[in-house]
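Source file: final10.cif. Holds: mmCIF, C-alpha atoms and all ligand atoms.
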```cif
data_my_file
#
loop_
_atom_site.label_atom_id
_atom_site.label_comp_id
_atom_site.auth_asym_id
_atom_site.auth_seq_id
_atom_site.Cartn_x
_atom_site.Cartn_y
_atom_site.Cartn_z
CA MET O 1 47.47 26.25 -5.56
CA ALA O 2 51.06 25.00 -5.55
CA MET O 3 53.16 26.11 -8.49
CA ALA O 4 53.83 23.37 -11.07
CA THR O 5 57.36 22.00 -11.28
CA ARG O 6 58.63 22.57 -14.81
CA ALA O 7 61.53 21.41 -16.94
CA PHE O 8 62.98 23.39 -19.85
CA VAL O 9 64.94 21.24 -22.26
CA GLY O 10 67.35 22.45 -24.95
CA LEU O 11 69.71 25.43 -25.27
CA ILE O 12 70.13 27.31 -21.99
CA VAL O 13 72.35 30.36 -21.63
CA HIS O 14 73.28 32.61 -18.72
CA SER O 15 76.18 34.51 -17.18
CA LEU O 16 78.12 33.06 -14.29
CA GLY O 17 79.73 36.43 -13.59
CA ASN O 18 82.44 36.65 -16.21
CA PRO O 19 81.26 39.37 -18.63
CA ASP O 20 83.58 38.07 -21.36
CA GLN O 21 82.18 34.57 -21.55
CA LEU O 22 78.63 33.34 -21.11
CA ASP O 23 77.85 29.88 -19.75
CA VAL O 24 76.26 28.06 -22.70
CA HIS O 25 74.53 24.66 -22.31
CA GLU O 26 73.55 23.23 -25.67
CA ASN O 27 71.57 20.19 -24.56
CA ALA O 28 70.48 20.87 -21.04
CA VAL O 29 67.57 20.58 -18.69
CA LEU O 30 66.65 23.31 -16.25
CA VAL O 31 64.23 22.33 -13.49
CA VAL O 32 62.12 25.02 -11.82
CA LYS O 33 60.44 24.12 -8.54
CA ASP O 34 58.38 26.51 -6.40
CA GLY O 35 59.42 29.31 -8.74
CA LYS O 36 63.14 28.73 -8.10
CA ILE O 37 65.98 27.07 -9.98
CA ALA O 38 66.24 23.49 -8.73
CA CYS O 39 68.99 22.30 -11.07
CA LEU O 40 70.70 22.77 -14.42
CA GLU O 41 71.91 19.44 -15.79
CA PRO O 42 72.81 17.70 -19.05
CA GLU O 43 69.78 16.53 -21.05
CA GLU O 44 70.71 12.85 -20.59
CA ARG O 45 69.55 13.17 -17.01
CA LEU O 46 65.99 14.15 -18.02
CA PRO O 47 64.35 10.76 -17.25
CA GLU O 48 65.84 10.67 -13.75
CA LEU O 49 64.91 14.30 -13.10
CA ILE O 50 61.32 13.73 -14.24
CA GLU O 51 61.18 10.92 -11.71
CA GLN O 52 62.94 12.82 -8.93
CA TYR O 53 60.85 16.00 -9.27
CA GLN O 54 57.62 14.30 -10.39
CA ILE O 55 57.32 16.50 -13.48
CA SER O 56 54.23 15.90 -15.61
CA GLU O 57 54.46 15.70 -19.40
CA ALA O 58 52.50 18.96 -19.75
CA ASN O 59 55.15 20.79 -17.75
CA ILE O 60 58.11 19.79 -19.90
CA VAL O 61 58.98 22.59 -22.33
CA LYS O 62 61.07 21.19 -25.18
CA MET O 63 62.75 23.89 -27.16
CA THR O 64 63.02 23.57 -30.92
CA LYS O 65 65.84 24.72 -33.20
CA GLY O 66 66.35 28.48 -32.86
CA GLN O 67 64.87 28.65 -29.38
CA PHE O 68 66.67 29.11 -26.08
CA VAL O 69 66.08 30.08 -22.48
CA MET O 70 68.01 32.96 -20.91
CA PRO O 71 67.62 35.10 -17.75
CA GLY O 72 65.10 37.95 -17.94
CA LEU O 73 66.33 41.41 -18.87
CA VAL O 74 66.99 43.99 -16.17
CA ASP O 75 66.24 47.65 -16.84
CA THR O 76 68.25 49.43 -14.16
CA HIS O 77 66.83 52.89 -14.94
CA LEU O 78 63.61 54.15 -16.52
CA HIS O 79 60.95 56.78 -15.89
CA ALA O 80 57.46 55.26 -16.05
CA PRO O 81 55.61 58.62 -16.14
CA GLN O 82 57.63 59.78 -19.16
CA TYR O 83 56.15 57.01 -21.35
CA PRO O 84 53.70 59.35 -23.14
CA ASN O 85 56.71 61.39 -24.32
CA VAL O 86 58.71 58.47 -25.66
CA GLY O 87 60.08 59.39 -29.09
CA LEU O 88 59.46 63.11 -28.55
CA GLY O 89 61.54 66.12 -27.59
CA TYR O 90 65.10 65.29 -28.60
CA ASP O 91 65.66 68.78 -30.01
CA LYS O 92 66.76 69.91 -26.53
CA THR O 93 69.48 68.83 -24.14
CA LEU O 94 68.96 67.70 -20.55
CA LEU O 95 68.13 70.81 -18.51
CA GLU O 96 65.97 72.45 -21.19
CA TRP O 97 64.39 69.09 -22.02
CA LEU O 98 63.37 68.70 -18.37
CA ASP O 99 61.80 72.19 -18.25
CA THR O 100 60.13 72.03 -21.65
CA TYR O 101 58.83 68.49 -21.94
CA THR O 102 59.37 66.41 -18.84
CA PHE O 103 58.33 68.44 -15.81
CA PRO O 104 55.02 69.56 -17.39
CA LEU O 105 54.13 65.93 -18.14
CA GLU O 106 55.22 64.61 -14.74
CA ALA O 107 53.17 67.31 -12.98
CA SER O 108 50.01 65.74 -14.41
CA TYR O 109 50.43 62.61 -12.26
CA SER O 110 48.66 64.39 -9.42
CA ASP O 111 45.76 62.67 -11.24
CA ALA O 112 45.86 59.02 -10.16
CA ALA O 113 43.44 57.98 -12.94
CA PHE O 114 45.90 59.26 -15.56
CA ALA O 115 48.68 57.41 -13.73
CA GLU O 116 46.67 54.18 -13.86
CA LYS O 117 46.27 54.40 -17.62
CA VAL O 118 49.95 55.13 -18.30
CA TYR O 119 51.43 52.76 -15.73
CA GLN O 120 49.33 49.83 -16.88
CA ALA O 121 50.69 50.38 -20.41
CA VAL O 122 54.32 50.83 -19.28
CA VAL O 123 54.45 47.61 -17.27
CA ARG O 124 52.78 45.68 -20.06
CA ARG O 125 55.05 47.13 -22.75
CA THR O 126 58.28 46.50 -20.85
CA LEU O 127 57.32 42.96 -19.74
CA ASN O 128 56.46 42.21 -23.35
CA ALA O 129 59.99 43.28 -24.31
CA GLY O 130 61.44 40.85 -21.76
CA THR O 131 62.08 43.23 -18.85
CA THR O 132 61.54 40.98 -15.85
CA THR O 133 63.11 43.48 -13.42
CA ALA O 134 62.68 47.24 -13.68
CA CYS O 135 64.03 50.04 -11.51
CA TYR O 136 61.53 52.86 -11.93
CA PHE O 137 61.43 56.56 -11.24
CA ALA O 138 57.80 57.65 -10.80
CA THR O 139 56.91 61.26 -9.83
CA ILE O 140 56.72 63.26 -6.61
CA HIS O 141 53.13 62.03 -6.07
CA LYS O 142 52.91 59.28 -3.46
CA ASP O 143 49.48 57.97 -4.42
CA SER O 144 50.10 57.62 -8.12
CA THR O 145 53.52 56.08 -7.42
CA LEU O 146 51.63 53.41 -5.46
CA VAL O 147 49.52 52.86 -8.59
CA LEU O 148 52.75 51.88 -10.38
CA ALA O 149 53.64 49.49 -7.55
CA ARG O 150 50.21 47.84 -7.77
CA GLN O 151 50.54 47.47 -11.54
CA CYS O 152 53.89 45.69 -11.15
CA ALA O 153 52.39 43.48 -8.46
CA ALA O 154 49.34 42.64 -10.59
CA GLN O 155 51.12 42.07 -13.90
CA GLY O 156 53.97 40.12 -12.35
CA GLN O 157 57.02 42.31 -12.91
CA ARG O 158 59.87 42.46 -10.39
CA ALA O 159 60.44 46.13 -9.60
CA LEU O 160 62.10 48.77 -7.50
CA ILE O 161 59.82 51.80 -7.41
CA GLY O 162 60.75 55.32 -6.42
CA LYS O 163 58.62 58.22 -5.34
CA VAL O 164 60.70 61.12 -6.66
CA ASN O 165 61.98 63.84 -4.29
CA MET O 166 62.24 67.45 -5.52
CA ASN O 167 62.38 70.50 -3.26
CA ALA O 168 64.61 72.89 -5.27
CA ASN O 169 65.10 74.46 -8.71
CA SER O 170 61.83 73.01 -9.96
CA PRO O 171 58.62 74.53 -11.41
CA ASP O 172 55.99 75.96 -9.05
CA ASN O 173 53.49 73.26 -10.01
CA TYR O 174 56.00 70.42 -9.63
CA ILE O 175 57.87 70.83 -6.38
CA GLU O 176 57.34 69.76 -2.75
CA THR O 177 58.34 71.12 0.62
CA THR O 178 61.03 69.28 2.54
CA GLU O 179 58.46 68.21 5.12
CA ALA O 180 56.03 66.80 2.53
CA SER O 181 58.86 65.11 0.66
CA LEU O 182 60.07 63.26 3.77
CA ARG O 183 56.60 62.44 5.07
CA ASP O 184 55.47 61.04 1.72
CA THR O 185 58.70 59.08 1.26
CA GLU O 186 58.35 57.31 4.60
CA GLY O 187 54.62 56.84 3.95
CA PHE O 188 55.37 55.40 0.51
CA ILE O 189 57.90 52.92 1.91
CA GLN O 190 55.40 51.73 4.50
CA GLU O 191 52.56 51.43 2.03
CA ILE O 192 54.52 49.61 -0.66
CA ARG O 193 55.86 47.18 1.93
CA ALA O 194 52.29 46.67 3.17
CA LEU O 195 51.34 45.34 -0.28
CA GLY O 196 53.20 42.22 0.86
CA VAL O 197 54.68 41.44 -2.58
CA ALA O 198 58.35 40.67 -2.03
CA ARG O 199 59.33 41.28 -5.66
CA VAL O 200 58.01 44.90 -5.54
CA GLN O 201 60.21 47.06 -3.31
CA PRO O 202 60.77 50.78 -2.70
CA VAL O 203 63.81 52.78 -3.79
CA ILE O 204 64.64 56.20 -2.37
CA THR O 205 64.78 58.60 -5.31
CA PRO O 206 66.19 62.12 -4.97
CA ARG O 207 65.86 63.23 -8.61
CA PHE O 208 69.39 64.68 -8.81
CA ALA O 209 71.51 67.18 -6.89
CA ILE O 210 69.92 70.11 -8.74
CA SER O 211 66.38 69.23 -7.61
CA CYS O 212 67.11 68.53 -3.94
CA ASP O 213 68.87 70.66 -1.33
CA ALA O 214 71.61 69.25 0.91
CA ASN O 215 69.31 68.98 3.92
CA LEU O 216 66.69 66.93 2.07
CA MET O 217 69.35 64.65 0.59
CA LEU O 218 70.90 64.00 4.00
CA LYS O 219 67.51 63.17 5.54
CA LEU O 220 66.83 60.79 2.65
CA GLY O 221 70.23 59.18 3.15
CA GLU O 222 69.35 58.64 6.81
CA ILE O 223 66.00 57.07 5.90
CA ALA O 224 67.76 54.76 3.44
CA GLN O 225 70.11 53.64 6.19
CA LYS O 226 67.45 53.34 8.90
CA LEU O 227 64.99 51.37 6.76
CA ASP O 228 67.59 49.54 4.63
CA VAL O 229 66.15 50.80 1.34
CA HIS O 230 67.66 50.91 -2.14
CA VAL O 231 68.68 54.34 -3.51
CA GLN O 232 68.71 55.73 -7.05
CA THR O 233 69.51 59.10 -8.59
CA HIS O 234 71.24 60.67 -11.61
CA ILE O 235 74.90 61.74 -11.84
CA SER O 236 77.25 63.45 -14.34
CA GLU O 237 75.02 63.07 -17.37
CA ASN O 238 75.51 66.43 -19.05
CA LYS O 239 78.19 69.15 -18.87
CA GLY O 240 75.72 71.96 -18.06
CA GLU O 241 74.27 69.87 -15.24
CA ILE O 242 77.74 69.30 -13.76
CA GLU O 243 78.52 73.04 -13.87
CA PHE O 244 75.26 73.85 -12.10
CA VAL O 245 75.98 71.25 -9.39
CA LYS O 246 79.42 72.85 -8.85
CA GLU O 247 77.74 76.24 -8.31
CA LEU O 248 75.16 74.80 -5.93
CA PHE O 249 77.67 72.78 -3.86
CA PRO O 250 80.96 74.74 -3.92
CA ASP O 251 82.28 72.86 -0.88
CA CYS O 252 82.19 69.47 -2.58
CA LYS O 253 85.22 68.47 -4.59
CA ASN O 254 83.15 66.59 -7.18
CA TYR O 255 79.59 65.46 -7.96
CA ALA O 256 79.86 62.07 -6.23
CA GLU O 257 80.97 63.85 -3.07
CA VAL O 258 77.61 65.69 -2.95
CA TYR O 259 75.80 62.36 -2.65
CA ASN O 260 78.43 60.81 -0.41
CA LYS O 261 78.13 63.66 2.10
CA ALA O 262 74.39 62.99 2.18
CA LYS O 263 74.99 59.27 2.92
CA LEU O 264 73.26 58.41 -0.33
CA LEU O 265 76.07 56.24 -1.72
CA THR O 266 75.63 52.68 -0.51
CA LYS O 267 75.95 49.11 -1.80
CA LYS O 268 72.29 49.42 -2.79
CA THR O 269 72.65 52.68 -4.75
CA VAL O 270 72.43 52.91 -8.52
CA LEU O 271 73.48 56.12 -10.29
CA ALA O 272 72.14 56.77 -13.79
CA HIS O 273 74.50 57.86 -16.58
CA GLY O 274 77.90 58.70 -15.06
CA VAL O 275 79.13 59.84 -18.49
CA TYR O 276 81.67 62.31 -17.08
CA LEU O 277 82.70 60.67 -13.79
CA LEU O 278 86.30 61.39 -12.78
CA ASP O 279 88.80 58.68 -11.83
CA GLU O 280 88.57 59.70 -8.17
CA GLU O 281 84.77 59.36 -8.32
CA LEU O 282 85.05 55.88 -9.85
CA GLN O 283 87.39 54.87 -7.06
CA LEU O 284 84.85 56.04 -4.49
CA LEU O 285 81.97 54.16 -6.16
CA SER O 286 84.08 51.03 -6.42
CA LYS O 287 85.10 51.23 -2.75
CA ILE O 288 81.51 51.64 -1.57
CA GLY O 289 79.96 49.22 -4.07
CA THR O 290 77.69 51.82 -5.68
CA SER O 291 76.78 51.03 -9.27
CA VAL O 292 76.16 52.88 -12.54
CA SER O 293 73.22 52.43 -14.90
CA HIS O 294 74.50 52.86 -18.44
CA CYS O 295 71.81 54.46 -20.62
CA PRO O 296 73.26 54.71 -24.13
CA ASN O 297 70.04 55.55 -25.99
CA SER O 298 69.36 58.49 -23.67
CA ASN O 299 72.96 59.69 -23.73
CA THR O 300 72.81 59.89 -27.52
CA SER O 301 69.21 61.13 -27.88
CA LEU O 302 69.67 63.99 -25.39
CA GLN O 303 73.17 64.62 -26.81
CA SER O 304 74.67 64.14 -23.37
CA GLY O 305 77.82 62.29 -24.39
CA MET O 306 79.38 58.84 -24.66
CA CYS O 307 79.84 56.81 -21.48
CA ASP O 308 82.90 54.55 -21.52
CA VAL O 309 81.59 51.34 -19.96
CA LYS O 310 84.92 49.56 -20.38
CA ARG O 311 86.50 52.20 -18.16
CA LEU O 312 83.82 51.73 -15.49
CA LEU O 313 84.36 47.96 -15.52
CA GLN O 314 88.15 48.36 -15.40
CA ASN O 315 87.65 50.47 -12.27
CA ASN O 316 85.57 47.67 -10.69
CA VAL O 317 82.36 49.67 -10.77
CA LYS O 318 79.22 47.52 -11.12
CA VAL O 319 77.33 48.34 -14.34
CA GLY O 320 73.84 47.53 -15.61
CA LEU O 321 71.91 48.77 -18.64
CA GLY O 322 69.05 51.25 -18.57
CA THR O 323 66.63 52.55 -21.17
CA ASP O 324 66.11 55.82 -19.26
CA MET O 325 62.83 56.08 -21.10
CA SER O 326 61.91 58.77 -22.23
CA GLY O 327 65.38 60.33 -22.15
CA GLY O 328 65.99 57.35 -24.41
CA TYR O 329 63.39 56.62 -27.07
CA GLY O 330 63.47 52.87 -26.45
CA HIS O 331 61.54 50.92 -23.84
CA SER O 332 63.52 47.76 -24.48
CA ILE O 333 66.75 46.43 -23.04
CA MET O 334 67.28 44.64 -26.37
CA ASP O 335 67.63 48.13 -27.84
CA ALA O 336 69.89 49.17 -24.93
CA MET O 337 72.24 46.25 -25.67
CA ARG O 338 72.60 47.34 -29.30
CA GLN O 339 73.08 50.98 -28.40
CA ALA O 340 75.70 50.05 -25.80
CA LEU O 341 77.57 48.21 -28.55
CA SER O 342 77.32 51.17 -30.96
CA VAL O 343 78.52 53.72 -28.42
CA SER O 344 81.39 51.49 -27.37
CA THR O 345 82.41 51.08 -31.01
CA CYS O 346 82.27 54.87 -31.54
CA ILE O 347 84.52 55.35 -28.49
CA SER O 348 87.02 52.89 -29.98
CA PHE O 349 87.42 55.06 -33.11
CA ASN O 350 89.24 57.67 -31.05
CA LYS O 351 91.32 55.34 -28.87
CA GLU O 352 94.33 53.22 -29.66
CA ASN O 353 94.20 49.57 -28.63
CA TYR O 354 90.67 49.88 -27.34
CA LYS O 355 88.51 46.80 -27.64
CA PRO O 356 84.82 47.76 -27.69
CA LEU O 357 82.12 45.77 -25.87
CA ASP O 358 80.98 42.57 -27.59
CA PHE O 359 77.67 40.68 -27.73
CA GLN O 360 78.46 38.38 -24.80
CA GLN O 361 79.40 41.32 -22.59
CA VAL O 362 76.15 43.17 -23.28
CA ILE O 363 74.08 40.06 -22.52
CA HIS O 364 75.93 39.88 -19.19
CA LEU O 365 75.25 43.59 -18.53
CA ALA O 366 71.56 43.15 -19.44
CA THR O 367 71.07 40.23 -17.03
CA LEU O 368 73.44 39.42 -14.14
CA GLY O 369 75.21 42.81 -14.47
CA GLY O 370 71.87 44.56 -14.03
CA ALA O 371 70.91 42.38 -11.08
CA GLU O 372 74.26 43.17 -9.42
CA ALA O 373 73.83 46.88 -10.15
CA LEU O 374 70.47 46.79 -8.33
CA ALA O 375 71.86 44.64 -5.49
CA LEU O 376 69.29 41.98 -6.40
CA ASP O 377 71.82 39.38 -7.54
CA GLU O 378 71.16 37.04 -4.66
CA ILE O 379 67.62 36.69 -6.02
CA THR O 380 67.86 37.01 -9.80
CA GLY O 381 70.16 37.58 -12.80
CA ASN O 382 71.19 34.02 -13.71
CA PHE O 383 70.27 30.37 -13.24
CA ALA O 384 72.27 29.63 -10.10
CA VAL O 385 70.47 27.00 -8.01
CA GLY O 386 68.14 28.62 -5.47
CA LYS O 387 67.60 31.88 -7.39
CA GLU O 388 64.14 32.81 -8.60
CA PHE O 389 63.30 31.78 -12.14
CA ASP O 390 63.18 35.11 -14.01
CA ALA O 391 63.59 34.04 -17.61
CA LEU O 392 62.77 34.43 -21.27
CA LEU O 393 61.99 31.78 -23.81
CA VAL O 394 63.48 33.30 -26.96
CA ASP O 395 62.59 32.14 -30.46
CA MET O 396 64.88 33.40 -33.20
CA ASN O 397 62.59 31.95 -35.90
CA ALA O 398 60.20 34.84 -35.40
CA GLY O 399 60.13 38.56 -36.04
CA PRO O 400 62.93 40.08 -38.09
CA SER O 401 65.05 36.94 -38.28
CA ASP O 402 64.91 34.02 -40.76
CA LEU O 403 67.09 31.11 -39.73
CA ILE O 404 68.00 29.99 -43.21
CA LYS O 405 70.98 27.89 -42.22
CA ASP O 406 72.22 26.04 -39.17
CA TYR O 407 73.62 28.42 -36.58
CA SER O 408 75.77 27.61 -33.57
CA ALA O 409 74.60 28.61 -30.10
CA LEU O 410 76.91 31.64 -30.06
CA GLU O 411 75.68 32.69 -33.51
CA LEU O 412 72.07 32.50 -32.32
CA LEU O 413 72.98 34.71 -29.36
CA GLN O 414 74.61 37.22 -31.68
CA LYS O 415 71.50 37.29 -33.81
CA PHE O 416 69.46 37.83 -30.66
CA VAL O 417 71.57 40.81 -29.63
CA TYR O 418 71.65 42.47 -33.05
CA LEU O 419 68.18 41.60 -34.40
CA ALA O 420 65.66 40.62 -31.75
CA ASP O 421 62.57 42.52 -30.73
CA ASP O 422 59.46 41.62 -28.74
CA ARG O 423 58.31 39.22 -31.47
CA ASN O 424 61.20 36.97 -30.46
CA ILE O 425 60.19 36.87 -26.80
CA LYS O 426 57.82 33.90 -26.69
CA GLN O 427 57.44 33.58 -22.93
CA VAL O 428 58.39 35.68 -19.91
CA TYR O 429 58.65 34.20 -16.41
CA VAL O 430 59.09 36.14 -13.19
CA ALA O 431 59.67 34.11 -10.01
CA GLY O 432 58.47 31.06 -11.94
CA THR O 433 55.14 32.58 -13.00
CA LEU O 434 54.37 32.97 -16.69
CA ALA O 435 53.46 36.59 -17.46
CA GLN O 436 50.38 37.31 -19.57
CA LEU O 437 51.75 39.22 -22.57
O1 LIG A 1 67.82 61.49 -18.24
C1 LIG A 1 67.33 62.10 -17.29
N1 LIG A 1 66.00 62.09 -17.10
C2 LIG A 1 65.40 62.74 -16.10
O2 LIG A 1 64.18 62.70 -15.95
C3 LIG A 1 66.27 63.47 -15.22
N2 LIG A 1 66.04 64.22 -14.14
C4 LIG A 1 67.23 64.66 -13.72
N3 LIG A 1 68.22 64.20 -14.51
C5 LIG A 1 67.62 63.47 -15.46
N4 LIG A 1 68.14 62.79 -16.49
ZN ZN A 2 66.76 59.15 -15.88
#
```

For this file, write the structure as structure tokens.
Ligand SMILES: O=c1[nH]c(=O)c2nc[nH]c2[nH]1
Ligand SMILES: [Zn+2]
Amino acid sequence: MAMATRAFVGLIVHSLGNPDQLDVHENAVLVVKDGKIACLEPEERLPELIEQYQISEANIVKMTKGQFVMPGLVDTHLHAPQYPNVGLGYDKTLLEWLDTYTFPLEASYSDAAFAEKVYQAVVRRTLNAGTTTACYFATIHKDSTLVLARQCAAQGQRALIGKVNMNANSPDNYIETTEASLRDTEGFIQEIRALGVARVQPVITPRFAISCDANLMLKLGEIAQKLDVHVQTHISENKGEIEFVKELFPDCKNYAEVYNKAKLLTKKTVLAHGVYLLDEELQLLSKIGTSVSHCPNSNTSLQSGMCDVKRLLQNNVKVGLGTDMSGGYGHSIMDAMRQALSVSTCISFNKENYKPLDFQQVIHLATLGGAEALALDEITGNFAVGKEFDALLVDMNAGPSDLIKDYSALELLQKFVYLADDRNIKQVYVAGTLAQL
């Protein structure tokens, strides 16, 4: 059945690429045809557009006071298998946290039935919080990672999905040989592509430089190049981690160089955290077009440190937001926006003339910034004509917010950033299809 052509009428907000200033249309009409943005015009043109696009009355969504449409949220970094641990285990820092809580849980995804139960819940929970695009780490298990891909396909989430690679410094019950790691990675890429769902794609996922030896990383870099696949990993999250990487790779002048030597830094690579990246590393990322996923909740919860997003942006590094669940205790990019603001404010306390992030900038990072960070910005991230309609209908009359006076469009957006939760997300669309929440 052909997809209905729809019109959304009222307040429409998105980023055109300038993080400092959103593009706000107070009385607008957005037409969605075949799941894509057909036009964004002033409301006066509604009668003509109804005629031109043959839009039926039932497919005109008129927003009321307090409601608006914005692009869907992009989670550039989260771990689906860690969902059962969300909210647990923040008494340890990264390396001990991995050994104590995370690896034992992830090892249990050799059981695909367990994976099905968790992954169904993760996709549902994140979609319900407005995450229309998610970039997932799964585990080393190919078959249960495919379960996650099928869940995204079935529930209608746009996703990059990574079978994790780990052949070093890992527990005996959660490690793979180089041969198995490469075979299953290529097999996974073939099988996920065979699902034939364009919005669900693979991402090559060496866990981090501690869990993979140089040979495995180089082979993965070559696969990424050969098959034109996205890449994700972690970098410079924690001081102990950075020291260990230095010991393991004494010939590399910094952490980014380890990945660069392995051909893992590309325009389609996203690196999680980057709290302690050096200026020379930022210059390299900027030159290549590799991005950083900023995960403020995780960086605070695991006591990793404070990432200076302003500095990344000033160095022309692409940045998106990530929950890093369960390193972070939140599953929601609404939470990530708030935590990004808090961390940026804390950084400003120790710096002269430092202007912290503001609410418009975090909305940009959560939408178009995230899409750019995942190299998906030709498809999603804002309402440019021809992009897929990944969007939220937000209602600030619900949940924790009472609209007891008249608020301007920018005030409503501020309230969204500081107050909203899933009760404010009335509808979620991915590629024009309404998700069942
Ligand atoms: O926050 C993190 N979560 C993880 O699972 C992980 N693995 C390596 N480095 C990591 N950092
Ligand atoms: Zn992570």

Subject >> 8 Å shell around ligand LIG 1 (chain A) using all atoms listed in the file, listed as a PyMOL selection string >> reply: chain O and resi 79+82+94-95+98+102+207-208+210-211+233-235+237+272-273+298-299+302+324-328

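Interatomic distance, CA of Gln361 in chain O against CA of Asn316 in chain O: 14.8 Å.
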
Original post:
Skipping near chain neighbours, those fewer than 4 positions away, what residues fall within 7 Å of Phe188 in chain O using all atoms listed in the file, listed as a count of residues only?
Top reply: 3

**OP:** Identify which of the residues O:Ala262, O:Met396, O:Ala391, O:Ala340 lies closest to Arg158 in chain O, counting all atoms listed in the file when measuring atom-to-atom distances.
**Re:**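 Going through O:Ala262, O:Met396, O:Ala391, O:Ala340 one by one, the smallest distance to Arg158 in chain O is for O:Ala391.
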
Residues of range 134-225 of chain O within 10 Å of range 411-430 of chain O: nearest atom pair and distance (Å, one decimal) for each, counting only C-alpha atoms, sorted by chain and number, as JSON lines?
```
{"residue": "O:Gln155", "atom": "CA", "partner": "O:Val430", "partner_atom": "CA", "distance": 10.0}
{"residue": "O:Gly156", "atom": "CA", "partner": "O:Val430", "partner_atom": "CA", "distance": 6.5}
{"residue": "O:Gln157", "atom": "CA", "partner": "O:Val430", "partner_atom": "CA", "distance": 6.5}
{"residue": "O:Arg158", "atom": "CA", "partner": "O:Val430", "partner_atom": "CA", "distance": 7.0}
{"residue": "O:Arg199", "atom": "CA", "partner": "O:Val430", "partner_atom": "CA", "distance": 9.1}
```

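Taking CA of Arg193 in chain O as the reference point, CA of Gln151 in chain O is found at 14.5 Å.
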